[in-house]
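Novice: Provided herewith is a single structure, encoded as structure tokens, for subsequent inquiry.
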Amino acid sequence: MHDMTVQLGERSYPIHIGPGTLSLADHWIEGLGPRSVVITNEIVAGLHLPALQHALGNHPHTVLTLPDGERTKSLANVDAIVRHAIEMGLGRDGTFIAFGGGVIGDITGFTAATFHRGVGFIQVPTTLLAQVDASVGGKTAVNHALGKNLIGAFHQPRRVIIDTELLSTLPAREFSAGMAEVIKTLLLDSEDSLRWLESHMKALMERDPRALPEAILRCCSIKARIVSADETEQGHRAQLNLGHTFGHALETAYGGALVHGEAVALGLLMAAHLSQGLGWLDATVTQRLRSLIAAAGLPTTLPSPKPGADTLLMLMGRDKKNLGGLVRLVLLHGPGQLEVTADYPRAALDLTLREFTGEPS
Ligand SMILES: NC(=O)c1ccc[n+]([C@@H]2O[C@H](COP(=O)([O-])OP(=O)(O)OC[C@H]3O[C@@H](n4cnc5c(N)ncnc54)[C@H](O)[C@@H]3O)[C@@H](O)[C@H]2O)c1
């Protein structure tokens, strides 16, 4: 098992990574407070709730099971969680336990940030995407009809328990989606990290019990380092959004036909294409990225029917990371060499959007 810490002064917290961490209840049951509310969804509950409840033992807790899917990340469901917590008598010293993928982690974290002006929560992520990314760093959010993650808060978990055995039931498509964030994180870190990924890609896709926890540890360590330096994204942390401004626009445009990780994979390719078009990025890096994305079983071209370039541009303009109306993007000079900027020719962005949407420029 790997143990690491996200260093954030008094808000620092441990992450436990490895097979079977969930059952090591003595690691984490202390400090839960007098009672907890577990938030999960119908799929995860059906597969893994008994394991979590076994680990919780006699600790007083109730379970709220939400529907599956991105649409669950809504204010209406925040209300449902708050109602349940009040009815169950959860006080300021209670704890929310997020047991699911990024959707459950995000909505539970957001509710924990606001309930009683902030209560503790624990992340027990059950998808690869949530284990390598969403459960760490304290970004929480729900969606609005007009866009993803538009209502949110920074609220760090008290602890993250990453049990890699939970991934055994993850469908291939969701595993691939998580690999998109693995690729993103190791690409934004360094050439060495990218090489490590290239040499372990096959093992990772086979869910190798040694390679998988190592990849998760690497991703969590990289993310923790960046978050420690810039918790609320005043600067450096924006790097973690590599591929995400394009990705969020795609996710909204496809209305659920693409899962988050698939949209991120395509967003990474679009960011690389634009960086290359600006003369910043060597074509070999784009090619290596494309190979990794294909090896992960992720799309390298937009599925049909494709959205229009103008639609994507409009959706990117709505991204909350934009400053002063400019579409701010994370672009690449090479592995580990990023630039967060709105200072690029608009025509270059148009060209990338048209290239991917197949519209004549
Ligand atoms: N807060 C952050 O920093 C951050 C970072 C990245 C993504 N996100 C958010 O995370 C969400 C995407 O997360 P996700 O990809 O985990 O999606 P998800 O939570 O919808 O999970 C994907 C699917 O896998 C199922 N599932 C979960 N665990 C399973 C298991 N062990 N076995 C079988 N099926 C399982 C879920 O029920 C769901 O159908 C998006 O809303 C995105 O905005 C947040």
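Chain labels A, B, ... are given in the sequence in which chains occur in the structure tokens; within each chain residues are numbered consecutively from 1, and ligands are likewise numbered from 1 in the order shown.
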Find the spatial neighbours of region 65-76 of chain A, counting only C-alpha atoms, within a cut-off of 12 Å - ignore same-chain residues fewer than 3 positions away - and output them as a ChimeraX atom specification.
Specialist: /A:37-46,49,62,79-84,97-111,114,140-152,251-252,255-260
Novice: List every residue of region 67-136 of chain A that DSSP, applied to the backbone of this structure, assigns to helix (DSSP H, G or I), and report them as an NGL selection string.
Specialist: :A and (70-72 or 75-87 or 102-117 or 128-134)
Novice: Please dump the current selection as a compact mmCIF listing (two decimals), in the first residue's frame; keep N, CA, C and O atoms.
Specialist:
```
# COMPACT_ATOMS: atom_id res chain seq x y z
N GLU A 70 -24.22 11.74 -15.02
CA GLU A 70 -23.77 13.12 -14.86
C GLU A 70 -24.91 14.04 -14.42
O GLU A 70 -24.69 15.01 -13.69
N ARG A 71 -26.15 13.72 -14.84
CA ARG A 71 -27.28 14.58 -14.48
C ARG A 71 -27.55 14.60 -12.98
O ARG A 71 -28.24 15.47 -12.47
N THR A 72 -26.97 13.63 -12.28
CA THR A 72 -27.13 13.60 -10.82
C THR A 72 -26.45 14.80 -10.16
O THR A 72 -26.82 15.22 -9.06
N LEU A 75 -28.38 20.85 -8.50
CA LEU A 75 -28.79 21.50 -7.25
C LEU A 75 -29.95 20.75 -6.60
O LEU A 75 -30.07 20.71 -5.38
N ALA A 76 -30.81 20.14 -7.45
CA ALA A 76 -31.94 19.39 -6.89
C ALA A 76 -31.43 18.24 -6.01
O ALA A 76 -31.99 17.95 -4.95
N ASN A 77 -30.35 17.60 -6.45
CA ASN A 77 -29.82 16.50 -5.63
C ASN A 77 -29.02 17.00 -4.43
O ASN A 77 -28.91 16.29 -3.43
N VAL A 78 -28.47 18.22 -4.51
CA VAL A 78 -27.86 18.81 -3.30
C VAL A 78 -28.97 18.94 -2.25
O VAL A 78 -28.78 18.59 -1.09
N ASP A 79 -30.12 19.41 -2.71
CA ASP A 79 -31.26 19.54 -1.80
C ASP A 79 -31.64 18.18 -1.20
O ASP A 79 -31.90 18.07 0.00
N ALA A 80 -31.62 17.14 -2.04
CA ALA A 80 -31.97 15.80 -1.55
C ALA A 80 -30.98 15.34 -0.48
O ALA A 80 -31.36 14.74 0.54
N ILE A 81 -29.70 15.62 -0.70
CA ILE A 81 -28.67 15.19 0.27
C ILE A 81 -28.84 15.97 1.58
O ILE A 81 -28.81 15.40 2.68
N VAL A 82 -29.07 17.29 1.45
CA VAL A 82 -29.22 18.13 2.65
C VAL A 82 -30.44 17.66 3.45
O VAL A 82 -30.39 17.51 4.68
N ARG A 83 -31.52 17.41 2.74
CA ARG A 83 -32.75 16.95 3.40
C ARG A 83 -32.48 15.65 4.18
O ARG A 83 -32.84 15.52 5.35
N HIS A 84 -31.82 14.70 3.52
CA HIS A 84 -31.49 13.43 4.17
C HIS A 84 -30.63 13.68 5.40
O HIS A 84 -30.89 13.13 6.48
N ALA A 85 -29.60 14.53 5.24
CA ALA A 85 -28.67 14.78 6.35
C ALA A 85 -29.39 15.41 7.54
O ALA A 85 -29.16 15.03 8.69
N ILE A 86 -30.29 16.35 7.27
CA ILE A 86 -31.04 17.00 8.36
C ILE A 86 -31.93 15.96 9.05
O ILE A 86 -31.95 15.84 10.28
N GLU A 87 -32.66 15.18 8.23
CA GLU A 87 -33.57 14.18 8.81
C GLU A 87 -32.82 13.14 9.63
O GLU A 87 -33.33 12.60 10.60
N GLY A 102 -16.52 10.34 -10.05
CA GLY A 102 -16.37 11.79 -9.93
C GLY A 102 -17.69 12.50 -9.71
O GLY A 102 -17.73 13.56 -9.07
N VAL A 103 -18.77 11.95 -10.24
CA VAL A 103 -20.08 12.59 -10.07
C VAL A 103 -20.45 12.62 -8.59
O VAL A 103 -20.80 13.67 -8.03
N ILE A 104 -20.35 11.47 -7.94
CA ILE A 104 -20.69 11.39 -6.52
C ILE A 104 -19.70 12.21 -5.69
O ILE A 104 -20.08 12.92 -4.75
N GLY A 105 -18.42 12.14 -6.05
CA GLY A 105 -17.40 12.91 -5.32
C GLY A 105 -17.66 14.40 -5.41
O GLY A 105 -17.58 15.12 -4.40
N ASP A 106 -18.00 14.88 -6.60
CA ASP A 106 -18.21 16.32 -6.80
C ASP A 106 -19.44 16.82 -6.04
O ASP A 106 -19.40 17.87 -5.40
N ILE A 107 -20.54 16.09 -6.14
CA ILE A 107 -21.77 16.60 -5.49
C ILE A 107 -21.69 16.43 -3.97
O ILE A 107 -22.13 17.31 -3.21
N THR A 108 -21.06 15.36 -3.52
CA THR A 108 -20.91 15.18 -2.07
C THR A 108 -19.99 16.27 -1.50
O THR A 108 -20.27 16.87 -0.46
N GLY A 109 -18.90 16.52 -2.20
CA GLY A 109 -17.97 17.55 -1.75
C GLY A 109 -18.62 18.92 -1.71
O GLY A 109 -18.43 19.69 -0.77
N PHE A 110 -19.41 19.21 -2.74
CA PHE A 110 -20.08 20.53 -2.78
C PHE A 110 -21.08 20.65 -1.62
O PHE A 110 -21.17 21.68 -0.96
N THR A 111 -21.82 19.58 -1.38
CA THR A 111 -22.80 19.63 -0.28
C THR A 111 -22.07 19.77 1.06
O THR A 111 -22.47 20.55 1.92
N ALA A 112 -20.95 19.03 1.20
CA ALA A 112 -20.18 19.13 2.45
C ALA A 112 -19.63 20.55 2.63
O ALA A 112 -19.52 21.04 3.75
N ALA A 113 -19.30 21.21 1.53
CA ALA A 113 -18.75 22.57 1.62
C ALA A 113 -19.78 23.56 2.14
O ALA A 113 -19.42 24.56 2.76
N THR A 114 -21.05 23.28 1.90
CA THR A 114 -22.07 24.27 2.20
C THR A 114 -22.97 23.89 3.38
O THR A 114 -23.51 24.77 4.04
N PHE A 115 -23.13 22.61 3.65
CA PHE A 115 -24.01 22.17 4.75
C PHE A 115 -23.41 22.67 6.07
O PHE A 115 -22.23 22.43 6.35
N HIS A 116 -24.20 23.35 6.88
CA HIS A 116 -23.71 23.95 8.14
C HIS A 116 -22.47 24.79 7.90
O HIS A 116 -21.55 24.80 8.71
N ARG A 117 -22.37 25.43 6.76
CA ARG A 117 -21.19 26.24 6.35
C ARG A 117 -19.91 25.41 6.28
O ARG A 117 -18.81 25.93 6.45
N LEU A 128 -11.52 4.87 -12.03
CA LEU A 128 -10.12 5.24 -12.23
C LEU A 128 -10.01 6.77 -12.32
O LEU A 128 -9.09 7.37 -11.76
N LEU A 129 -10.95 7.38 -13.03
CA LEU A 129 -10.91 8.84 -13.19
C LEU A 129 -10.94 9.55 -11.83
O LEU A 129 -10.18 10.48 -11.57
N ALA A 130 -11.80 9.08 -10.97
CA ALA A 130 -11.89 9.71 -9.65
C ALA A 130 -10.67 9.37 -8.80
O ALA A 130 -10.23 10.18 -7.99
N GLN A 131 -10.09 8.18 -8.98
CA GLN A 131 -8.93 7.79 -8.17
C GLN A 131 -7.68 8.57 -8.55
O GLN A 131 -6.82 8.82 -7.71
N VAL A 132 -7.55 8.92 -9.84
CA VAL A 132 -6.32 9.62 -10.26
C VAL A 132 -6.50 11.13 -10.27
O VAL A 132 -5.53 11.85 -10.41
N ASP A 133 -7.74 11.60 -10.18
CA ASP A 133 -7.93 13.03 -10.38
C ASP A 133 -9.02 13.64 -9.49
O ASP A 133 -8.74 14.42 -8.58
N ALA A 134 -10.27 13.26 -9.74
CA ALA A 134 -11.38 14.02 -9.17
C ALA A 134 -11.43 14.01 -7.64
O ALA A 134 -11.90 14.98 -7.03
```
Novice: Set the distance at 8 Å and use only C-alpha atoms: which residues neighbour region 296-299 of chain A once local chain neighbours fewer than 5 positions away are removed? I'd like the list as an MDAnalysis selection string.
Specialist: chainID A and resid 173 176:177 179:180 201 205 262 265:266
Novice: Counting only C-alpha atoms and all ligand atoms, figure out which residue out of A:Gln123, A:Ser190, A:Thr169, A:Gln53 gets nearest to ligand 1.
Specialist: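 So, comparing all the options, the nearest one is A:Thr169.
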Novice: Which one is closest to ligand 1: A:Met314, A:Leu338, A:Val119, A:Ile162? Count only C-alpha atoms and all ligand atoms.
Specialist: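 Checking each candidate against ligand 1, we get A:Ile162 as the closest.
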Novice: Mind giving me the straight-line distance from CA of Gly279 (chain A) to CA of His333 (chain A) in Å, one decimal?
Specialist: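 Rounded to one decimal, the two atoms are 8.7 Å apart.
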Novice: Would you please work out which residue, of A:Ser168, A:Asn58, A:Thr5, A:Ser23, is nearest to ligand 1 when using only C-alpha atoms and all ligand atoms?
Specialist: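 Of all the options, A:Ser168 lies closest to ligand 1.
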Novice: In Å, how far is it from CA of Lys184 (chain A) to CA of Gly334 (chain A)?
Specialist: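 Interatomic distance here is 12.4 Å.
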Novice: Which polymer residues have any atom within 12 Å of an atom of Arg328 (chain A), counting only C-alpha atoms, with same-chain residues fewer than 5 positions away left out, as a list in words?
Specialist: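 Contacts, in chain order: Ala238, Gln239, Asn241, Leu242, Gly243, His244, Thr245, Phe246, Ala271, Leu313, Met316, Gly317, Arg318, Asp319, Lys320, Lys321, Asn322, Leu323, Glu339, Val340, Thr341, Ala342, Asp343, Tyr344, Pro345, Arg346 and Leu349 of chain A.
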Novice: Write the selection just made, keeping N, CA and C atoms, as a PDB file, in the first residue's frame?
Specialist:
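Wrote it out as selection.pdb, contents follow:
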```
ATOM      1  N   ALA A 238      -4.008  26.000 -12.882  1.00  0.00           N
ATOM      2  CA  ALA A 238      -4.759  25.972 -14.143  1.00  0.00           C
ATOM      3  C   ALA A 238      -4.159  24.976 -15.134  1.00  0.00           C
ATOM      4  N   GLN A 239      -2.880  24.638 -14.958  1.00  0.00           N
ATOM      5  CA  GLN A 239      -2.239  23.619 -15.816  1.00  0.00           C
ATOM      6  C   GLN A 239      -3.021  22.310 -15.858  1.00  0.00           C
ATOM      7  N   ASN A 241      -5.938  21.875 -16.084  1.00  0.00           N
ATOM      8  CA  ASN A 241      -7.066  21.930 -17.014  1.00  0.00           C
ATOM      9  C   ASN A 241      -6.643  21.639 -18.445  1.00  0.00           C
ATOM     10  N   LEU A 242      -5.427  21.180 -18.639  1.00  0.00           N
ATOM     11  CA  LEU A 242      -4.986  20.832 -19.999  1.00  0.00           C
ATOM     12  C   LEU A 242      -6.052  19.966 -20.684  1.00  0.00           C
ATOM     13  N   GLY A 243      -6.493  20.402 -21.857  1.00  0.00           N
ATOM     14  CA  GLY A 243      -7.501  19.652 -22.616  1.00  0.00           C
ATOM     15  C   GLY A 243      -8.922  19.858 -22.145  1.00  0.00           C
ATOM     16  N   HIS A 244      -9.113  20.540 -20.982  1.00  0.00           N
ATOM     17  CA  HIS A 244     -10.448  20.576 -20.382  1.00  0.00           C
ATOM     18  C   HIS A 244     -11.365  21.659 -20.934  1.00  0.00           C
ATOM     19  N   THR A 245     -10.805  22.767 -21.435  1.00  0.00           N
ATOM     20  CA  THR A 245     -11.701  23.802 -21.977  1.00  0.00           C
ATOM     21  C   THR A 245     -12.334  23.278 -23.266  1.00  0.00           C
ATOM     22  N   PHE A 246     -11.511  22.632 -24.098  1.00  0.00           N
ATOM     23  CA  PHE A 246     -12.069  21.953 -25.272  1.00  0.00           C
ATOM     24  C   PHE A 246     -13.000  20.825 -24.800  1.00  0.00           C
ATOM     25  N   ALA A 271      -5.775  20.582 -27.998  1.00  0.00           N
ATOM     26  CA  ALA A 271      -4.770  21.492 -27.415  1.00  0.00           C
ATOM     27  C   ALA A 271      -3.409  21.262 -28.082  1.00  0.00           C
ATOM     28  N   LEU A 313     -16.972  26.928 -30.088  1.00  0.00           N
ATOM     29  CA  LEU A 313     -16.370  28.202 -29.671  1.00  0.00           C
ATOM     30  C   LEU A 313     -17.281  28.918 -28.671  1.00  0.00           C
ATOM     31  N   MET A 316     -16.990  27.123 -25.421  1.00  0.00           N
ATOM     32  CA  MET A 316     -15.696  27.395 -24.772  1.00  0.00           C
ATOM     33  C   MET A 316     -15.698  28.782 -24.154  1.00  0.00           C
ATOM     34  N   GLY A 317     -16.399  29.707 -24.800  1.00  0.00           N
ATOM     35  CA  GLY A 317     -16.477  31.075 -24.289  1.00  0.00           C
ATOM     36  C   GLY A 317     -17.202  31.140 -22.961  1.00  0.00           C
ATOM     37  N   ARG A 318     -17.993  30.121 -22.675  1.00  0.00           N
ATOM     38  CA  ARG A 318     -18.757  30.096 -21.434  1.00  0.00           C
ATOM     39  C   ARG A 318     -17.937  29.512 -20.273  1.00  0.00           C
ATOM     40  N   ASP A 319     -16.769  28.958 -20.608  1.00  0.00           N
ATOM     41  CA  ASP A 319     -15.966  28.286 -19.587  1.00  0.00           C
ATOM     42  C   ASP A 319     -15.596  29.276 -18.488  1.00  0.00           C
ATOM     43  N   LYS A 320     -15.759  28.825 -17.237  1.00  0.00           N
ATOM     44  CA  LYS A 320     -15.545  29.761 -16.131  1.00  0.00           C
ATOM     45  C   LYS A 320     -14.084  30.127 -15.942  1.00  0.00           C
ATOM     46  N   LYS A 321     -13.169  29.438 -16.642  1.00  0.00           N
ATOM     47  CA  LYS A 321     -11.752  29.759 -16.492  1.00  0.00           C
ATOM     48  C   LYS A 321     -11.352  30.953 -17.353  1.00  0.00           C
ATOM     49  N   ASN A 322     -12.286  31.455 -18.138  1.00  0.00           N
ATOM     50  CA  ASN A 322     -11.933  32.567 -19.009  1.00  0.00           C
ATOM     51  C   ASN A 322     -11.796  33.869 -18.230  1.00  0.00           C
ATOM     52  N   LEU A 323     -10.897  34.681 -18.675  1.00  0.00           N
ATOM     53  CA  LEU A 323     -10.651  35.972 -18.048  1.00  0.00           C
ATOM     54  C   LEU A 323     -11.023  37.052 -19.043  1.00  0.00           C
ATOM     55  N   GLU A 339       1.783  26.394 -21.059  1.00  0.00           N
ATOM     56  CA  GLU A 339       1.532  27.831 -21.000  1.00  0.00           C
ATOM     57  C   GLU A 339       0.023  28.038 -20.921  1.00  0.00           C
ATOM     58  N   VAL A 340      -0.409  28.771 -19.899  1.00  0.00           N
ATOM     59  CA  VAL A 340      -1.833  29.095 -19.764  1.00  0.00           C
ATOM     60  C   VAL A 340      -2.012  30.494 -20.339  1.00  0.00           C
ATOM     61  N   THR A 341      -2.747  30.600 -21.424  1.00  0.00           N
ATOM     62  CA  THR A 341      -2.762  31.886 -22.118  1.00  0.00           C
ATOM     63  C   THR A 341      -4.041  32.121 -22.928  1.00  0.00           C
ATOM     64  N   ALA A 342      -4.380  33.398 -23.066  1.00  0.00           N
ATOM     65  CA  ALA A 342      -5.424  33.796 -24.016  1.00  0.00           C
ATOM     66  C   ALA A 342      -4.763  34.575 -25.153  1.00  0.00           C
ATOM     67  N   ASP A 343      -3.446  34.578 -25.161  1.00  0.00           N
ATOM     68  CA  ASP A 343      -2.694  35.404 -26.104  1.00  0.00           C
ATOM     69  C   ASP A 343      -2.185  34.536 -27.265  1.00  0.00           C
ATOM     70  N   TYR A 344      -3.095  34.229 -28.173  1.00  0.00           N
ATOM     71  CA  TYR A 344      -2.746  33.469 -29.375  1.00  0.00           C
ATOM     72  C   TYR A 344      -3.684  33.959 -30.472  1.00  0.00           C
ATOM     73  N   PRO A 345      -3.314  33.797 -31.730  1.00  0.00           N
ATOM     74  CA  PRO A 345      -4.198  34.288 -32.792  1.00  0.00           C
ATOM     75  C   PRO A 345      -5.508  33.505 -32.825  1.00  0.00           C
ATOM     76  N   ARG A 346      -6.603  34.232 -32.829  1.00  0.00           N
ATOM     77  CA  ARG A 346      -7.941  33.621 -32.865  1.00  0.00           C
ATOM     78  C   ARG A 346      -8.076  32.688 -34.081  1.00  0.00           C
ATOM     79  N   LEU A 349      -7.061  29.102 -33.366  1.00  0.00           N
ATOM     80  CA  LEU A 349      -8.090  28.325 -32.655  1.00  0.00           C
ATOM     81  C   LEU A 349      -9.184  27.892 -33.642  1.00  0.00           C
TER      82      LEU A 349
END
```
Novice: Which residues are close to Glu233 (chain A), i.e. within 10 Å by only C-alpha atoms, leaving aside same-chain residues fewer than 6 positions away? Reply as a PyMOL selection string.
Specialist: chain A and resi 139+154+226-227+239-240+321
Novice: I need the residues from that last selection saved to file as a PDB file, in the first residue's frame (with all heavy atoms), if you can.
Specialist:
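Here's the written file again_22.pdb:
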```pdb
ATOM      1  N   LYS A 139     -11.625  20.389  -5.442  1.00  0.00           N
ATOM      2  CA  LYS A 139     -12.578  21.072  -6.324  1.00  0.00           C
ATOM      3  C   LYS A 139     -13.892  20.309  -6.258  1.00  0.00           C
ATOM      4  O   LYS A 139     -13.911  19.087  -6.479  1.00  0.00           O
ATOM      5  CB  LYS A 139     -12.080  21.072  -7.773  1.00  0.00           C
ATOM      6  CG  LYS A 139     -11.271  22.289  -8.145  1.00  0.00           C
ATOM      7  CD  LYS A 139     -11.144  22.359  -9.664  1.00  0.00           C
ATOM      8  CE  LYS A 139     -10.257  23.475 -10.098  1.00  0.00           C
ATOM      9  NZ  LYS A 139     -10.132  23.549 -11.563  1.00  0.00           N
ATOM     10  N   PHE A 154     -14.285  25.326  -3.370  1.00  0.00           N
ATOM     11  CA  PHE A 154     -13.094  24.578  -2.982  1.00  0.00           C
ATOM     12  C   PHE A 154     -13.328  24.055  -1.576  1.00  0.00           C
ATOM     13  O   PHE A 154     -13.617  24.840  -0.658  1.00  0.00           O
ATOM     14  CB  PHE A 154     -11.851  25.484  -2.995  1.00  0.00           C
ATOM     15  CG  PHE A 154     -11.385  25.829  -4.378  1.00  0.00           C
ATOM     16  CD1 PHE A 154     -11.737  27.028  -4.974  1.00  0.00           C
ATOM     17  CD2 PHE A 154     -10.589  24.944  -5.093  1.00  0.00           C
ATOM     18  CE1 PHE A 154     -11.311  27.349  -6.251  1.00  0.00           C
ATOM     19  CE2 PHE A 154     -10.154  25.259  -6.377  1.00  0.00           C
ATOM     20  CZ  PHE A 154     -10.510  26.455  -6.954  1.00  0.00           C
ATOM     21  N   ILE A 226       0.919  20.230  -7.259  1.00  0.00           N
ATOM     22  CA  ILE A 226       0.389  21.435  -7.910  1.00  0.00           C
ATOM     23  C   ILE A 226      -0.646  22.118  -7.015  1.00  0.00           C
ATOM     24  O   ILE A 226      -0.633  23.342  -6.840  1.00  0.00           O
ATOM     25  CB  ILE A 226      -0.215  21.069  -9.287  1.00  0.00           C
ATOM     26  CG1 ILE A 226       0.909  20.583 -10.219  1.00  0.00           C
ATOM     27  CG2 ILE A 226      -0.965  22.233  -9.902  1.00  0.00           C
ATOM     28  CD1 ILE A 226       0.437  20.003 -11.544  1.00  0.00           C
ATOM     29  N   VAL A 227      -1.521  21.305  -6.400  1.00  0.00           N
ATOM     30  CA  VAL A 227      -2.569  21.867  -5.529  1.00  0.00           C
ATOM     31  C   VAL A 227      -1.946  22.524  -4.294  1.00  0.00           C
ATOM     32  O   VAL A 227      -2.395  23.586  -3.842  1.00  0.00           O
ATOM     33  CB  VAL A 227      -3.574  20.755  -5.136  1.00  0.00           C
ATOM     34  CG1 VAL A 227      -4.489  21.200  -4.005  1.00  0.00           C
ATOM     35  CG2 VAL A 227      -4.400  20.338  -6.352  1.00  0.00           C
ATOM     36  N   GLN A 239      -2.880  24.638 -14.958  1.00  0.00           N
ATOM     37  CA  GLN A 239      -2.239  23.619 -15.816  1.00  0.00           C
ATOM     38  C   GLN A 239      -3.021  22.310 -15.858  1.00  0.00           C
ATOM     39  O   GLN A 239      -3.023  21.598 -16.851  1.00  0.00           O
ATOM     40  CB  GLN A 239      -0.869  23.246 -15.250  1.00  0.00           C
ATOM     41  CG  GLN A 239       0.172  24.276 -15.411  1.00  0.00           C
ATOM     42  CD  GLN A 239       1.518  23.718 -14.973  1.00  0.00           C
ATOM     43  OE1 GLN A 239       1.677  22.518 -14.807  1.00  0.00           O
ATOM     44  NE2 GLN A 239       2.476  24.598 -14.804  1.00  0.00           N
ATOM     45  N   LEU A 240      -3.654  22.009 -14.698  1.00  0.00           N
ATOM     46  CA  LEU A 240      -4.387  20.740 -14.607  1.00  0.00           C
ATOM     47  C   LEU A 240      -5.584  20.721 -15.554  1.00  0.00           C
ATOM     48  O   LEU A 240      -6.182  19.669 -15.778  1.00  0.00           O
ATOM     49  CB  LEU A 240      -4.854  20.506 -13.164  1.00  0.00           C
ATOM     50  CG  LEU A 240      -3.753  20.187 -12.156  1.00  0.00           C
ATOM     51  CD1 LEU A 240      -4.286  20.273 -10.732  1.00  0.00           C
ATOM     52  CD2 LEU A 240      -3.198  18.777 -12.413  1.00  0.00           C
ATOM     53  N   LYS A 321     -13.169  29.438 -16.642  1.00  0.00           N
ATOM     54  CA  LYS A 321     -11.752  29.759 -16.492  1.00  0.00           C
ATOM     55  C   LYS A 321     -11.352  30.953 -17.353  1.00  0.00           C
ATOM     56  O   LYS A 321     -10.213  31.379 -17.344  1.00  0.00           O
ATOM     57  CB  LYS A 321     -10.897  28.552 -16.843  1.00  0.00           C
ATOM     58  CG  LYS A 321     -11.082  27.394 -15.877  1.00  0.00           C
ATOM     59  CD  LYS A 321     -10.319  26.218 -16.334  1.00  0.00           C
ATOM     60  CE  LYS A 321     -10.981  24.881 -16.312  1.00  0.00           C
ATOM     61  NZ  LYS A 321     -12.343  24.650 -16.336  1.00  0.00           N
TER      62      LYS A 321
END
```
Novice: Would you mind telling me which residue in A:Thr126, A:Thr357, A:Thr95, A:Ser12 lies nearest to Ile161 (chain A) when using only C-alpha atoms?
Specialist: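 The closest residue to Ile161 (chain A) is A:Thr126.
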Novice: Could you state the separation of CA of Gly91 (chain A) and CA of Leu32 (chain A) in Å, given to one decimal place?
Specialist: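 Taking CA of Gly91 (chain A) and CA of Leu32 (chain A), their separation equals 12.1 Å.
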Novice: Name the residues of region 86-332 of chain A that come out as strand (DSSP E) in a backbone DSSP run; write them as an NGL selection string.
Specialist: :A and (95-100 or 120-125 or 139-144 or 147-154 or 159-163 or 329-332)
Novice: Write a file of the just-selected residues containing C-alpha atoms, as a PDB file, in the first residue's frame.
Specialist:
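Produced file again_5.pdb, reproduced below:
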```pdb
ATOM      1  CA  THR A  95     -19.084  13.410   8.024  1.00  0.00           C
ATOM      2  CA  PHE A  96     -20.155  12.814   4.455  1.00  0.00           C
ATOM      3  CA  ILE A  97     -18.568   9.828   2.734  1.00  0.00           C
ATOM      4  CA  ALA A  98     -18.508  10.036  -1.072  1.00  0.00           C
ATOM      5  CA  PHE A  99     -18.606   6.471  -2.417  1.00  0.00           C
ATOM      6  CA  GLY A 100     -18.602   6.509  -6.206  1.00  0.00           C
ATOM      7  CA  GLY A 120     -15.948  17.125   6.831  1.00  0.00           C
ATOM      8  CA  PHE A 121     -16.048  14.619   4.008  1.00  0.00           C
ATOM      9  CA  ILE A 122     -14.094  11.583   2.923  1.00  0.00           C
ATOM     10  CA  GLN A 123     -13.521  10.536  -0.645  1.00  0.00           C
ATOM     11  CA  VAL A 124     -13.741   6.826  -1.455  1.00  0.00           C
ATOM     12  CA  PRO A 125     -13.427   6.992  -5.249  1.00  0.00           C
ATOM     13  CA  LYS A 139     -12.578  21.072  -6.324  1.00  0.00           C
ATOM     14  CA  THR A 140     -16.280  20.367  -5.895  1.00  0.00           C
ATOM     15  CA  ALA A 141     -19.186  21.314  -8.122  1.00  0.00           C
ATOM     16  CA  VAL A 142     -22.615  20.675  -9.537  1.00  0.00           C
ATOM     17  CA  ASN A 143     -23.832  21.454 -13.039  1.00  0.00           C
ATOM     18  CA  HIS A 144     -26.257  24.088 -14.275  1.00  0.00           C
ATOM     19  CA  GLY A 147     -22.997  24.482 -18.420  1.00  0.00           C
ATOM     20  CA  LYS A 148     -20.911  22.015 -16.461  1.00  0.00           C
ATOM     21  CA  ASN A 149     -19.492  22.649 -12.999  1.00  0.00           C
ATOM     22  CA  LEU A 150     -20.756  26.224 -12.949  1.00  0.00           C
ATOM     23  CA  ILE A 151     -21.727  26.061  -9.263  1.00  0.00           C
ATOM     24  CA  GLY A 152     -18.939  24.943  -6.985  1.00  0.00           C
ATOM     25  CA  ALA A 153     -16.573  25.477  -4.105  1.00  0.00           C
ATOM     26  CA  PHE A 154     -13.094  24.578  -2.982  1.00  0.00           C
ATOM     27  CA  ARG A 159      -8.954  11.766   3.692  1.00  0.00           C
ATOM     28  CA  VAL A 160      -8.949   9.874   0.389  1.00  0.00           C
ATOM     29  CA  ILE A 161      -9.163   6.076   0.364  1.00  0.00           C
ATOM     30  CA  ILE A 162      -8.239   4.601  -2.985  1.00  0.00           C
ATOM     31  CA  ASP A 163      -8.948   0.884  -3.117  1.00  0.00           C
ATOM     32  CA  LEU A 329      -6.340  27.769 -22.830  1.00  0.00           C
ATOM     33  CA  VAL A 330      -3.628  25.513 -21.520  1.00  0.00           C
ATOM     34  CA  LEU A 331      -1.218  24.971 -24.397  1.00  0.00           C
ATOM     35  CA  LEU A 332       1.943  22.926 -24.732  1.00  0.00           C
TER      36      LEU A 332
END
```
